[in-house]
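A.B. asks: What follows is a structure written as structure tokens; I'll ask about it next.
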Amino acid sequence: MKHMKLGSKPDVFQTEGSNIRFVATELATDIVISIGDVKFYLHKFPLLSKSSRLQRLVASSNEENSDEVDISDIPGGHSAFEICAKFCYGMIVTLNAYNVLAARCAAEYLEMLETIDKGNLIYKIDVFLTSSIFRTWKDSIIVLQSTKSLQPWSENLKVINQCIDSIASKASTDPSEVEWSYTYNRKKLQSENGVDSHWNGVRMQQMVPKDWWVEDLCELEMELYKRVILTIKAKGRIHAIVIGEALRAYAFRRLLGSLEDAVSNGTDCTKRRVVLENIVFLLPTEKGSVSCGFLLKLLRAACLLESGESYRDNLVKRIGTQLDGASVVDLLIPAASGENCLYNVDLIMAIVEQFMSHHSDNGKLSFQDDDEIVEVENFASVSITSKLAVAKLIDEYLGEIAKDPNLPISKFIELAEMVSAISRQTHDGLYHAIDMYLKEHPSLPKSEKKRLCGLMDCKKLSQEACMHAVQNERLPLRVVVQVLFFEQVRASAASARSDSAADLSLAVHSLLPRENGNSYGSSRSAATTTTEEDGSGVPTSSDINSFRSMRLATNGAGSERSSASSEINKNSEDKSTTGKAKAMLMPKKMLSKLWSGKTTNVGENSGSETSESPGSANNTEEVKSMPSRNTRRSMS
């Protein structure tokens with residue numbers, strides 16, 4: 001910290017009690033200066049030689065036959081006046097960042113100008129401020145903090161503007177040029193984490209982070225902090241992400257730390273509301289400059305503090321543009337007092353609506369050149385990724401709010417339908433949310449259960465989800481039948497794919513040459529082999545015909561293999577057919593058992609619950625599983 005010493009005489013100011021100050025000299029005092037309850041017993045000559053205001057006040061008191069002058073309205077109080085008085089006596093006084101502004105305002109009040117005495121106090125303090133204080137990072141912040149109690153003097157003297165400009169200029173300095181001390185506790189440097197900063201005997205230069213100035217500014221009150229941030233923005237040399245980080249750090253220090261406890265205890269939150277509204281006002285407009293999680297925390301605070309609708313709408317729009325970066329915990333915003341629900345679902349629905357409108361494809365983009373086409377394609381891929389992330393996020397959110405016994409089904413369905421247009425690969429998350437809602441609302445009518453289950457696509461359930469759904473007694477029978485049917489279709493398709501892959505593998509395997517030149521399964525003569533060894537290495541027409549016959553046999557549904565196939569292919573065909581039959585038989589048996597087990601319980605709903613008869617599915621599978629024995633084909 002910078003400091004300046006004035007005067008050369010020893011300090012002989014004495015204190016008597018808590019309210020009396022006097023100078024210990026042989027000369028009797030001839031003037032009393034009153035500042036509130038404190039009285040200074042001093043001498044007129046040194047004071048009047050430096051202060052134009054005291055000259056006028058003493059002249060007025062003489063007319064009234066009084067030796068007492070009251071200056072209780074002096075800025076800085078009795079401590080600031082004591083500094084000015086010591087300067088008048090030529091005593092040693094030390095000025096620093098903590099007392100210099102109070103002394104400067106008091107000197108202005110006393111009119112200690114150059115016209116009264118050369119080298120007066122105002123001049124000396126101005127030199128100290130310009131040459132030392134405003135050139136020092138932390139001293140400038142300390143002086144700026146002290147301006148609050150010295151209004152309007154500090155504002156009229158332009159000291160606030162000078163401090164703010166000094167701070168903003170230093171914050172905008174390139175980090176590589178920062179050579180002064182600063183506070184930085186959020187992320188420690190390598191050397192502070194115990195990592196050796198020496199490499200091969202050469203000391204490595206420590207990197208100054210871009211947001212090195214953030215924590216020191218958190219010490220400022222909101223009004224001053226706002227002015228500093230606006231000045232930093234106006235200089236235009238700080239990235240929006242760094243400004244966003246500064247606002248986040250300030251919000252956690254001044255707003256979010258103990259907000260919920262303060263609200264629950266009934267504490268007056270007027271100052272916190274002002275902080276919130278100013279932070280929202282200062283948020284950078286660039287997308288991604290602040291995280292979605294931080295924006296949601298601000299929105300949660302806005303709801304708790306009952307801030308204006310304009311601030312909440314602003315946050316909702318910002319969150320809607322980057323909802324894909326949120327987490328479920330951040331979305332769980334409590335409902336307003338007096339509501340039955342646990343969470344503010346309407347607010348989340350407004351955010352999702354903003355997201356969907358922001359990422360909607362209007363199909364009106366024009367393509368002028370290759371570069372523009374590439375840009376649009378990249379935007380589309382990013383948009384799809386964001387939509388899938390939001391769909392997964394909303395599924396998880398639905399699973400959390402489904403635990404609320406007072407949540408209306410209409411809100412659950414409406415929120416789920418808002419992201420239904422997003423084509424998801426799996427509906428496991430949505431199934432989990434629906435199952436949780438059914439569990440917490442056991443008295444839900446049958447028609448509402450159907451509406452609820454209609455949100456998910458049974459074809460997009462994983463095998464684990466299907467196994468759970470089949471045994472889930474909370475689901476309507478119709479949904480269980482659909483799950484079993486699609487699982488059977490999936491098993492049949494998987495069996496067919498594995499059979500085709502095995503046949504194709506055998507066909508390719510038979511064409512691969514051995515080390516001695518003979519192909520696997522070849523029946524050609526040694527002369528042919530010798531010709532191949534001479535360097536042709538090209539498959540003959542018989543090889544190609546064998547490969548084609550194998551593909552035809554694979555593509556023909558249920559047909560037998562051609563007569564040109566080897567005995568190995570016939571054995572593998574028998575095994576794959578047996579495996580396919582088993583794969584089809586298992587879901588078929590499960591359908592029969594499920595149907596026979598639930599028929600007695602749901603007989604009255606046969607018209608609605610069993611509109612898709614399991615018999616039709618069985619007949620279909622029987623047709624698929626019957627081998628066609630009259631479709632033999634031969635290749636010449």
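Every chain in the structure tokens has a letter given in the order shown (A, B, ...), and although residue numbers restart at 1 in each chain, ligands are simply numbered from 1 in the order shown.
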Where in segment 119-236 of chain A does DSSP assign alpha helix (DSSP H), given as a PyMOL selection string?
C.D. replies: chain A and resi 121-131+137-146+153-156+159-171+214-217+222-235
A.B. asks: Could you pull out the residues in segment 84-144 of chain A that DSSP calls strand (DSSP E or B) from the backbone, as a list in words?
C.D. replies: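 Going through segment 84-144 of chain A, the strand (DSSP E or B) residues come out as Met91, Val93, Thr94, Leu95 and Asn96 of chain A.
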A.B. asks: Please, could you write that set of residues out with all heavy atoms as a PDB file, in the first residue's frame?
C.D. replies:
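Result file result_36.pdb:
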ATOM      1  N   MET A  91       2.853  19.210  11.780  1.00  0.00           N
ATOM      2  CA  MET A  91       3.187  17.942  12.429  1.00  0.00           C
ATOM      3  C   MET A  91       3.194  16.792  11.408  1.00  0.00           C
ATOM      4  O   MET A  91       2.585  16.892  10.338  1.00  0.00           O
ATOM      5  CB  MET A  91       2.176  17.629  13.540  1.00  0.00           C
ATOM      6  CG  MET A  91       2.140  18.662  14.639  1.00  0.00           C
ATOM      7  SD  MET A  91       0.879  18.259  15.861  1.00  0.00           S
ATOM      8  CE  MET A  91       0.930  19.698  16.892  1.00  0.00           C
ATOM      9  N   VAL A  93       2.111  13.681   9.610  1.00  0.00           N
ATOM     10  CA  VAL A  93       0.857  12.974   9.373  1.00  0.00           C
ATOM     11  C   VAL A  93       1.046  12.056   8.166  1.00  0.00           C
ATOM     12  O   VAL A  93       1.699  12.438   7.189  1.00  0.00           O
ATOM     13  CB  VAL A  93      -0.316  13.963   9.135  1.00  0.00           C
ATOM     14  CG1 VAL A  93      -0.051  14.847   7.942  1.00  0.00           C
ATOM     15  CG2 VAL A  93      -1.622  13.226   8.972  1.00  0.00           C
ATOM     16  N   THR A  94       0.503  10.875   8.269  1.00  0.00           N
ATOM     17  CA  THR A  94       0.672   9.879   7.205  1.00  0.00           C
ATOM     18  C   THR A  94      -0.656   9.659   6.487  1.00  0.00           C
ATOM     19  O   THR A  94      -1.681   9.363   7.121  1.00  0.00           O
ATOM     20  CB  THR A  94       1.163   8.533   7.780  1.00  0.00           C
ATOM     21  OG1 THR A  94       2.412   8.764   8.463  1.00  0.00           O
ATOM     22  CG2 THR A  94       1.366   7.508   6.672  1.00  0.00           C
ATOM     23  N   LEU A  95      -0.607   9.813   5.175  1.00  0.00           N
ATOM     24  CA  LEU A  95      -1.779   9.575   4.340  1.00  0.00           C
ATOM     25  C   LEU A  95      -1.640   8.241   3.615  1.00  0.00           C
ATOM     26  O   LEU A  95      -0.555   7.892   3.139  1.00  0.00           O
ATOM     27  CB  LEU A  95      -1.944  10.699   3.308  1.00  0.00           C
ATOM     28  CG  LEU A  95      -2.212  12.104   3.851  1.00  0.00           C
ATOM     29  CD1 LEU A  95      -2.274  13.103   2.703  1.00  0.00           C
ATOM     30  CD2 LEU A  95      -3.503  12.139   4.653  1.00  0.00           C
ATOM     31  N   ASN A  96      -2.752   7.498   3.537  1.00  0.00           N
ATOM     32  CA  ASN A  96      -2.771   6.231   2.798  1.00  0.00           C
ATOM     33  C   ASN A  96      -4.136   6.075   2.126  1.00  0.00           C
ATOM     34  O   ASN A  96      -4.971   6.981   2.160  1.00  0.00           O
ATOM     35  CB  ASN A  96      -2.457   5.053   3.715  1.00  0.00           C
ATOM     36  CG  ASN A  96      -3.350   5.019   4.938  1.00  0.00           C
ATOM     37  OD1 ASN A  96      -4.571   5.190   4.837  1.00  0.00           O
ATOM     38  ND2 ASN A  96      -2.755   4.818   6.113  1.00  0.00           N
TER      39      ASN A  96
END
A.B. asks: Just want the 7 Å neighbourhood of segment 427-431 of chain A, counted on only C-alpha atoms, with same-chain residues fewer than 5 positions away dropped. Output as a PDB file with C-alpha atoms, in the first residue's frame.
C.D. replies:
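Printed below is selection.pdb as written:
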ATOM      1  CA  ASP A 395     -37.402 -36.926 -19.595  1.00  0.00           C
ATOM      2  CA  GLU A 396     -35.279 -36.830 -16.452  1.00  0.00           C
ATOM      3  CA  MET A 456     -44.073 -43.306 -25.326  1.00  0.00           C
ATOM      4  CA  ASP A 457     -43.245 -45.477 -28.329  1.00  0.00           C
ATOM      5  CA  LYS A 460     -38.071 -47.509 -28.795  1.00  0.00           C
ATOM      6  CA  LEU A 461     -37.767 -49.273 -25.445  1.00  0.00           C
ATOM      7  CA  SER A 462     -34.529 -51.084 -24.708  1.00  0.00           C
ATOM      8  CA  ALA A 465     -37.050 -51.552 -20.250  1.00  0.00           C
TER       9      ALA A 465
END
A.B. asks: Between atom CA of Val38 of chain A and atom CA of Arg53 of chain A, measure the distance and give it in Å to one decimal.
C.D. replies: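 It comes out at 19.5 Å.
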A.B. asks: Rounded to one decimal place, report the atom CA of Leu47 of chain A-atom CA of Ile160 of chain A distance in Å.
C.D. replies: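 Those two atoms sit 28.7 Å apart.
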A.B. asks: Between A:Leu415, A:Ala107, A:Trp212, A:Leu444, single out the one closest to Trp153 of chain A, counting only C-alpha atoms.
C.D. replies: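 When distances to Trp153 of chain A are compared using only C-alpha atoms, the smallest one comes from A:Ala107.
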A.B. asks: Work out how far apart atom CA of Tyr89 of chain A and atom CA of Pro46 of chain A are and give it in Å to one decimal.
C.D. replies: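 These two atoms are separated by 5.8 Å.
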A.B. asks: Give me the residues near Leu110 of chain A as a PyMOL selection string, where near means some atom within 10 Å (using only C-alpha atoms) and where sequence neighbours in that chain fewer than 4 positions away do not count.
C.D. replies: chain A and resi 47-48+50-55+71+74-75+81+84+104-106+122
